[in-house]
>>> print(open('my_file05.cif').read())   # mmCIF, C-alpha atoms
data_data
#
loop_
_atom_site.label_atom_id
_atom_site.label_comp_id
_atom_site.auth_asym_id
_atom_site.auth_seq_id
_atom_site.Cartn_x
_atom_site.Cartn_y
_atom_site.Cartn_z
CA MET A 1 -19.25 -3.27 -10.78
CA PHE A 2 -15.49 -2.87 -10.43
CA ASP A 3 -14.94 -5.58 -13.04
CA LEU A 4 -17.26 -3.78 -15.43
CA LEU A 5 -15.45 -0.47 -14.87
CA LEU A 6 -12.09 -2.14 -15.34
CA SER A 7 -13.39 -3.79 -18.51
CA ALA A 8 -14.53 -0.42 -19.84
CA LEU A 9 -11.13 1.15 -19.19
CA THR A 10 -9.05 -1.72 -20.54
CA GLY A 11 -11.30 -2.73 -23.40
CA LYS A 12 -11.18 -6.36 -22.25
CA PRO A 13 -14.12 -8.51 -21.15
CA ALA A 14 -14.78 -8.75 -17.45
CA LEU A 15 -13.24 -11.81 -15.86
CA GLU A 16 -15.30 -14.30 -13.93
CA PRO A 17 -14.31 -14.46 -10.25
CA ALA A 18 -12.08 -17.41 -9.50
CA MET A 19 -13.55 -19.36 -6.60
CA ASP A 20 -10.41 -21.40 -6.03
CA CYS A 21 -8.00 -18.44 -5.99
CA GLU A 22 -5.57 -18.15 -3.11
CA LEU A 23 -6.50 -15.54 -0.55
CA LEU A 24 -4.04 -12.78 0.27
CA TYR A 25 -3.32 -13.89 3.84
CA MET A 26 -2.40 -17.37 2.57
CA GLU A 27 0.75 -15.90 0.99
CA ASN A 28 2.23 -15.43 4.46
CA GLU A 29 4.56 -18.18 5.59
CA HIS A 30 3.13 -20.47 8.28
CA PHE A 31 -0.24 -18.71 8.07
CA SER A 32 -1.95 -21.92 9.25
CA LEU A 33 -0.18 -21.64 12.63
CA VAL A 34 -1.70 -18.23 13.39
CA ASP A 35 -5.01 -18.23 15.23
CA ALA A 36 -7.04 -15.65 17.12
CA LEU A 37 -6.83 -16.94 20.68
CA PRO A 38 -9.52 -15.69 23.06
CA TYR A 39 -8.43 -13.56 25.97
CA ILE A 40 -9.99 -11.45 28.68
CA ASP A 41 -8.23 -8.18 29.38
CA THR A 42 -9.79 -6.35 32.31
CA GLN A 43 -7.21 -3.54 32.32
CA LEU A 44 -7.38 -2.47 28.67
CA GLY A 45 -9.80 0.36 29.45
CA ALA A 46 -7.40 2.03 31.85
CA ALA A 47 -5.71 5.17 30.48
CA GLU A 48 -2.26 4.17 31.69
CA VAL A 49 -2.50 0.70 30.15
CA ALA A 50 -3.84 2.17 26.89
CA GLN A 51 -0.82 4.49 26.68
CA GLN A 52 1.55 1.60 27.34
CA VAL A 53 -0.12 -0.47 24.63
CA LYS A 54 0.07 2.44 22.18
CA ALA A 55 3.75 2.96 22.98
CA LEU A 56 4.49 -0.73 22.42
CA ILE A 57 2.67 -0.68 19.07
CA GLU A 58 4.56 2.42 17.93
CA GLU A 59 7.86 0.84 18.96
CA GLU A 60 7.01 -2.32 17.04
CA MET A 61 6.02 -0.32 13.97
CA THR A 62 9.43 1.38 13.88
CA GLN A 63 11.03 -2.07 13.55
CA PHE A 64 8.41 -3.43 11.17
CA GLU A 65 9.33 -3.70 7.50
CA PRO A 66 6.12 -3.77 5.47
CA ARG A 67 6.07 -6.13 2.54
CA ASP A 68 4.55 -5.54 -0.85
CA TYR A 69 1.31 -7.47 -0.50
CA LEU A 70 0.33 -6.73 -4.11
CA ALA A 71 3.57 -8.00 -5.66
CA SER A 72 1.89 -11.19 -6.89
CA LEU A 73 -1.05 -9.28 -8.40
CA PRO A 74 -0.27 -7.88 -11.87
CA ALA A 75 -1.21 -4.29 -12.52
CA PRO A 76 -4.12 -3.87 -14.97
CA GLU A 77 -3.44 -2.56 -18.45
CA LEU A 78 -5.09 0.84 -18.92
CA PRO A 79 -4.32 2.07 -22.46
CA PHE A 80 -6.83 4.90 -22.19
CA LEU A 81 -5.32 6.27 -18.98
CA ASN A 82 -1.79 5.79 -20.33
CA SER A 83 -2.47 7.83 -23.47
CA SER A 84 -0.51 11.03 -24.07
CA ASN A 85 -3.55 13.27 -23.64
CA MET A 86 -4.45 11.73 -20.29
CA GLN A 87 -0.83 11.93 -19.12
CA GLU A 88 -0.79 15.64 -19.98
CA GLU A 89 -3.99 16.13 -18.01
CA PHE A 90 -2.58 14.22 -15.05
CA SER A 91 0.52 16.42 -15.14
CA ARG A 92 -1.65 19.55 -15.26
CA VAL A 93 -3.74 18.40 -12.31
CA SER A 94 -0.64 17.40 -10.29
CA VAL A 95 0.75 20.96 -10.52
CA ARG A 96 -2.74 22.45 -9.90
CA GLN A 97 -2.93 24.33 -13.16
CA PRO A 98 -6.39 25.50 -14.25
CA LEU A 99 -8.04 23.90 -17.24
CA GLY A 100 -7.50 25.93 -20.38
CA ALA A 101 -10.49 27.46 -22.13
CA ILE A 102 -11.74 26.06 -25.42
CA ASP A 103 -10.06 27.68 -28.39
CA GLN A 104 -12.89 29.06 -30.50
CA LYS A 105 -10.71 30.80 -33.09
CA LYS A 106 -10.81 27.76 -35.36
CA TYR A 107 -14.58 28.14 -35.57
CA GLU A 108 -14.46 31.82 -36.56
CA ILE A 109 -15.09 32.74 -40.22
CA GLU A 110 -13.38 35.91 -41.50
CA ARG A 111 -13.22 37.09 -45.09
CA PRO A 112 -9.67 37.02 -46.44
CA GLU A 113 -8.28 40.47 -47.11
CA GLY A 114 -5.28 41.81 -48.89
CA GLU A 115 -2.94 39.21 -50.37
CA ALA A 116 -4.90 36.43 -48.65
CA ALA A 117 -7.94 37.39 -50.76
CA GLU A 118 -6.00 36.36 -53.87
CA ASP A 119 -4.89 33.03 -52.30
CA GLU A 120 -7.06 30.03 -53.18
CA GLU A 121 -5.92 28.07 -50.10
CA SER A 122 -7.21 30.81 -47.81
CA TRP A 123 -10.68 30.56 -49.38
CA LYS A 124 -10.57 26.75 -49.13
CA LYS A 125 -9.71 27.03 -45.44
CA ILE A 126 -12.61 29.42 -44.86
CA ALA A 127 -14.96 27.10 -46.77
CA SER A 128 -13.77 24.10 -44.69
CA THR A 129 -14.42 26.05 -41.48
CA ALA A 130 -17.90 27.00 -42.69
CA GLN A 131 -18.66 23.36 -43.55
CA MET A 132 -17.43 22.28 -40.10
CA ASN A 133 -19.71 24.81 -38.42
CA LEU A 134 -22.64 23.70 -40.55
CA GLU A 135 -21.95 20.07 -39.63
CA TYR A 136 -21.82 20.96 -35.92
CA THR A 137 -25.12 22.80 -36.29
CA ARG A 138 -26.67 19.82 -38.08
CA ILE A 139 -25.48 17.44 -35.38
CA LYS A 140 -26.86 19.72 -32.66
CA SER A 141 -30.21 19.85 -34.44
CA LEU A 142 -30.19 16.06 -34.83
CA ASN A 143 -29.37 15.55 -31.16
CA LEU A 144 -32.20 17.89 -30.19
CA GLU A 145 -34.62 15.93 -32.37
CA LEU A 146 -33.43 12.63 -30.89
CA LEU A 147 -33.72 14.09 -27.40
CA GLU A 148 -37.25 15.29 -28.16
CA GLN A 149 -38.28 11.89 -29.52
CA TRP A 150 -36.39 9.46 -27.29
CA GLY A 151 -35.11 11.52 -24.36
CA LYS A 152 -37.91 10.69 -21.94
CA LYS A 153 -37.88 6.99 -22.82
CA ALA A 154 -34.08 6.84 -22.60
CA TRP A 155 -34.15 8.59 -19.23
CA ILE A 156 -36.80 6.22 -17.92
CA ALA A 157 -34.84 3.20 -19.19
CA HIS A 158 -31.66 4.62 -17.64
CA ASN A 159 -33.43 5.11 -14.31
CA MET A 160 -34.76 1.55 -14.43
CA LEU A 161 -31.23 0.28 -15.11
CA ILE A 162 -29.79 2.34 -12.25
CA ARG A 163 -32.52 1.19 -9.88
CA GLY A 164 -31.97 -2.42 -10.89
CA ALA A 165 -28.23 -2.09 -10.30
CA GLU A 166 -28.91 -0.35 -6.99
CA LYS A 167 -31.27 -3.16 -5.96
CA VAL A 168 -28.72 -5.84 -6.86
CA LEU A 169 -25.87 -4.04 -5.10
CA GLY A 170 -28.10 -3.31 -2.11
CA LYS A 171 -28.98 -6.98 -1.84
CA GLU A 172 -25.33 -7.98 -2.06
CA ALA A 173 -24.40 -5.37 0.57
CA THR A 174 -27.19 -6.62 2.86
CA GLU A 175 -26.00 -10.21 2.50
CA ILE A 176 -22.43 -9.19 3.21
CA ARG A 177 -23.49 -7.21 6.28
CA ALA A 178 -25.61 -10.14 7.49
CA SER A 179 -22.70 -12.53 6.97
CA ARG A 180 -20.35 -10.15 8.77
CA GLU A 181 -22.84 -9.78 11.59
CA GLU A 182 -23.11 -13.55 11.94
CA VAL A 183 -19.34 -13.84 12.10
CA ASN A 184 -19.15 -11.06 14.70
CA LYS A 185 -21.93 -12.66 16.76
CA LYS A 186 -20.23 -16.04 16.67
CA ARG A 187 -16.91 -14.48 17.67
CA LYS A 188 -18.64 -12.55 20.45
CA LEU A 189 -20.38 -15.65 21.78
CA ASP A 190 -17.15 -17.63 21.59
CA GLN A 191 -15.35 -14.81 23.36
CA VAL A 192 -17.96 -14.65 26.13
CA SER A 193 -17.95 -18.43 26.52
CA CYS A 194 -14.17 -18.55 26.65
CA GLY A 195 -14.24 -15.60 29.04
CA ASN A 196 -16.48 -17.51 31.44
CA ASP A 197 -14.19 -20.53 31.20
CA LEU A 198 -11.13 -18.36 31.79
CA ARG A 199 -12.75 -16.70 34.80
CA LYS A 200 -13.70 -20.11 36.20
CA LEU A 201 -10.15 -21.36 35.71
CA MET A 202 -8.81 -18.16 37.28
CA ARG A 203 -11.00 -18.68 40.37
CA GLU A 204 -9.84 -22.30 40.58
CA LEU A 205 -6.23 -21.15 40.28
CA GLU A 206 -6.70 -18.60 43.04
CA GLN A 207 -8.38 -21.25 45.23
CA TYR A 208 -5.53 -23.71 44.59
CA GLN A 209 -3.00 -21.01 45.41
CA GLN A 210 -4.86 -20.20 48.61
CA ASP A 211 -5.09 -23.90 49.57
CA ASN A 212 -1.41 -24.39 48.81
CA SER A 213 -0.56 -21.38 50.94
CA GLN A 214 -2.59 -22.77 53.84
CA VAL A 215 -0.97 -26.21 53.42
CA GLU A 216 2.48 -24.61 53.36
CA GLN A 217 1.69 -22.70 56.55
CA ALA A 218 0.42 -25.90 58.22
CA VAL A 219 3.53 -27.82 57.11
CA ARG A 220 5.77 -25.11 58.48
CA GLY A 221 3.82 -25.28 61.76
CA LEU A 222 4.22 -29.07 61.93
CA GLU A 223 7.89 -28.80 61.10
CA SER A 224 8.26 -26.25 63.91
CA ASP A 225 6.45 -28.57 66.36
CA LEU A 226 8.53 -31.53 65.24
CA LYS A 227 11.75 -29.60 65.74
CA ARG A 228 10.58 -28.50 69.17
CA LEU A 229 9.76 -32.11 70.16
CA ARG A 230 13.11 -33.36 68.88
CA ASP A 231 14.93 -30.71 70.81
CA PHE A 232 12.87 -31.63 73.89
CA ALA A 233 13.71 -35.34 73.39
CA ILE A 234 17.40 -34.55 73.04
CA GLU A 235 17.33 -32.56 76.25
CA ARG A 236 15.82 -35.60 78.07
CA GLY A 237 18.27 -37.99 76.50
CA VAL A 238 15.68 -39.94 74.52
CA ASP A 239 17.02 -41.70 71.43
CA ILE A 240 14.57 -41.04 68.60
CA ALA A 241 16.78 -42.16 65.72
CA ASP A 242 14.75 -45.38 65.13
CA VAL A 243 11.38 -44.02 66.17
CA ASP A 244 8.72 -43.32 63.57
CA PRO A 245 6.50 -40.61 65.06
CA MET A 246 3.69 -41.45 62.64
CA ALA A 247 3.53 -45.07 63.91
CA MET A 248 3.44 -44.19 67.61
CA PRO A 249 0.11 -43.84 69.45
CA GLU A 250 -0.84 -40.40 70.68
CA SER A 251 -0.67 -41.38 74.36
CA GLU A 252 2.89 -42.63 73.97
CA MET A 253 3.86 -39.52 72.00
CA ASP A 254 2.46 -37.39 74.82
CA THR A 255 4.45 -39.43 77.35
CA LYS A 256 7.58 -39.02 75.30
#
>>> encode(input="my_file05.cif", output="structure tokens")
Amino acid sequence: MFDLLLSALTGKPALEPAMDCELLYMENEHFSLVDALPYIDTQLGAAEVAQQVKALIEEEMTQFEPRDYLASLPAPELPFLNSSNMQEEFSRVSVRQPLGAIDQKKYEIERPEGEAAEDEESWKKIASTAQMNLEYTRIKSLNLELLEQWGKKAWIAHNMLIRGAEKVLGKEATEIRASREEVNKKRKLDQVSCGNDLRKLMRELEQYQQDNSQVEQAVRGLESDLKRLRDFAIERGVDIADVDPMAMPESEMDTK
């Protein structure tokens, strides 16, 4: 529909959509390296976190220099909209001036009087105005006859055309919504699946951290016991420089 409207304004035939055209996001450098990575944010609903996120976005926007994403797309040629009459109307609308009333003086017929009654050009002008009014009246009568004869059929045909266009556009809109819904469902399922994996990995990480903490505590306890035994051996004068405590039996270690 937009192509048809653009064709009507430009006077050029509607272009067929190019299937192999480059999408807009592909104009960004290294666009192939950008991906939507799944994440699970359990604190996003908090008011404090939401304010922090908003503040960070506003700070980033102050440093962001937007680019002209339509620079590579040529502007359409609109000779009708660029005409002098349309430009005058645009100027009037921009300053909020009311639309002027139709000047009906040129349709008025007045008998020349005085010196104008002796002027042939004045009579010719009056005759031309009368002929113009007669032609307008004839056209109005013709339009009324055409409306009486073909108005109902034209209105029915117009309604059929509008309903057909509505049906086609409705079908396209339904397909687009269904496609969008499928994409959203797939993204949601992927997000939930990745969320479960991330939660599982988070639990494993917490378990590993807990196990490592317990191992570190046990190692520190063994190191403390080993230091105590070494100090005890030094007090008794036992040489333990060449002794491997791990190779000694427990009874001997107790005796030591």
>>> residues_around(input="my_file05.cif", residues="region 127-139 of chain A", least_positions_apart="2", cutoff="12 Å", atoms="all atoms listed in the file", output="PyMOL selection string")
chain A and resi 104-112+120-125+141-147
>>> write_last_selection(input="my_file05.cif", atoms="C-alpha atoms", output="compact mmCIF listing (two decimals), keeping the file's coordinate frame")
# COMPACT_ATOMS: atom_id res chain seq x y z
CA GLN A 104 -12.89 29.06 -30.50
CA LYS A 105 -10.71 30.80 -33.09
CA LYS A 106 -10.81 27.76 -35.36
CA TYR A 107 -14.58 28.14 -35.57
CA GLU A 108 -14.46 31.82 -36.56
CA ILE A 109 -15.09 32.74 -40.22
CA GLU A 110 -13.38 35.91 -41.50
CA ARG A 111 -13.22 37.09 -45.09
CA PRO A 112 -9.67 37.02 -46.44
CA GLU A 120 -7.06 30.03 -53.18
CA GLU A 121 -5.92 28.07 -50.10
CA SER A 122 -7.21 30.81 -47.81
CA TRP A 123 -10.68 30.56 -49.38
CA LYS A 124 -10.57 26.75 -49.13
CA LYS A 125 -9.71 27.03 -45.44
CA SER A 141 -30.21 19.85 -34.44
CA LEU A 142 -30.19 16.06 -34.83
CA ASN A 143 -29.37 15.55 -31.16
CA LEU A 144 -32.20 17.89 -30.19
CA GLU A 145 -34.62 15.93 -32.37
CA LEU A 146 -33.43 12.63 -30.89
CA LEU A 147 -33.72 14.09 -27.40
>>> atom_distance(input="my_file05.cif", atom1="CA of Pro79 (chain A)", atom2="CA of Ser91 (chain A)")
16.8 Å
>>> atom_distance(input="my_file05.cif", atom1="CA of Glu206 (chain A)", atom2="CA of Gly221 (chain A)")
22.5 Å
>>> atom_distance(input="my_file05.cif", atom1="CA of Leu78 (chain A)", atom2="CA of Gly100 (chain A)")
25.2 Å
>>> axis_aligned_box(input="my_file05.cif", around="region 155-158 of chain A", padding_each_side="3 Å", output="AutoDock Vina command-line options")
--center_x -34.2 --center_y 5.9 --center_z -18.4 --size_x 11.1 --size_y 11.4 --size_z 7.6
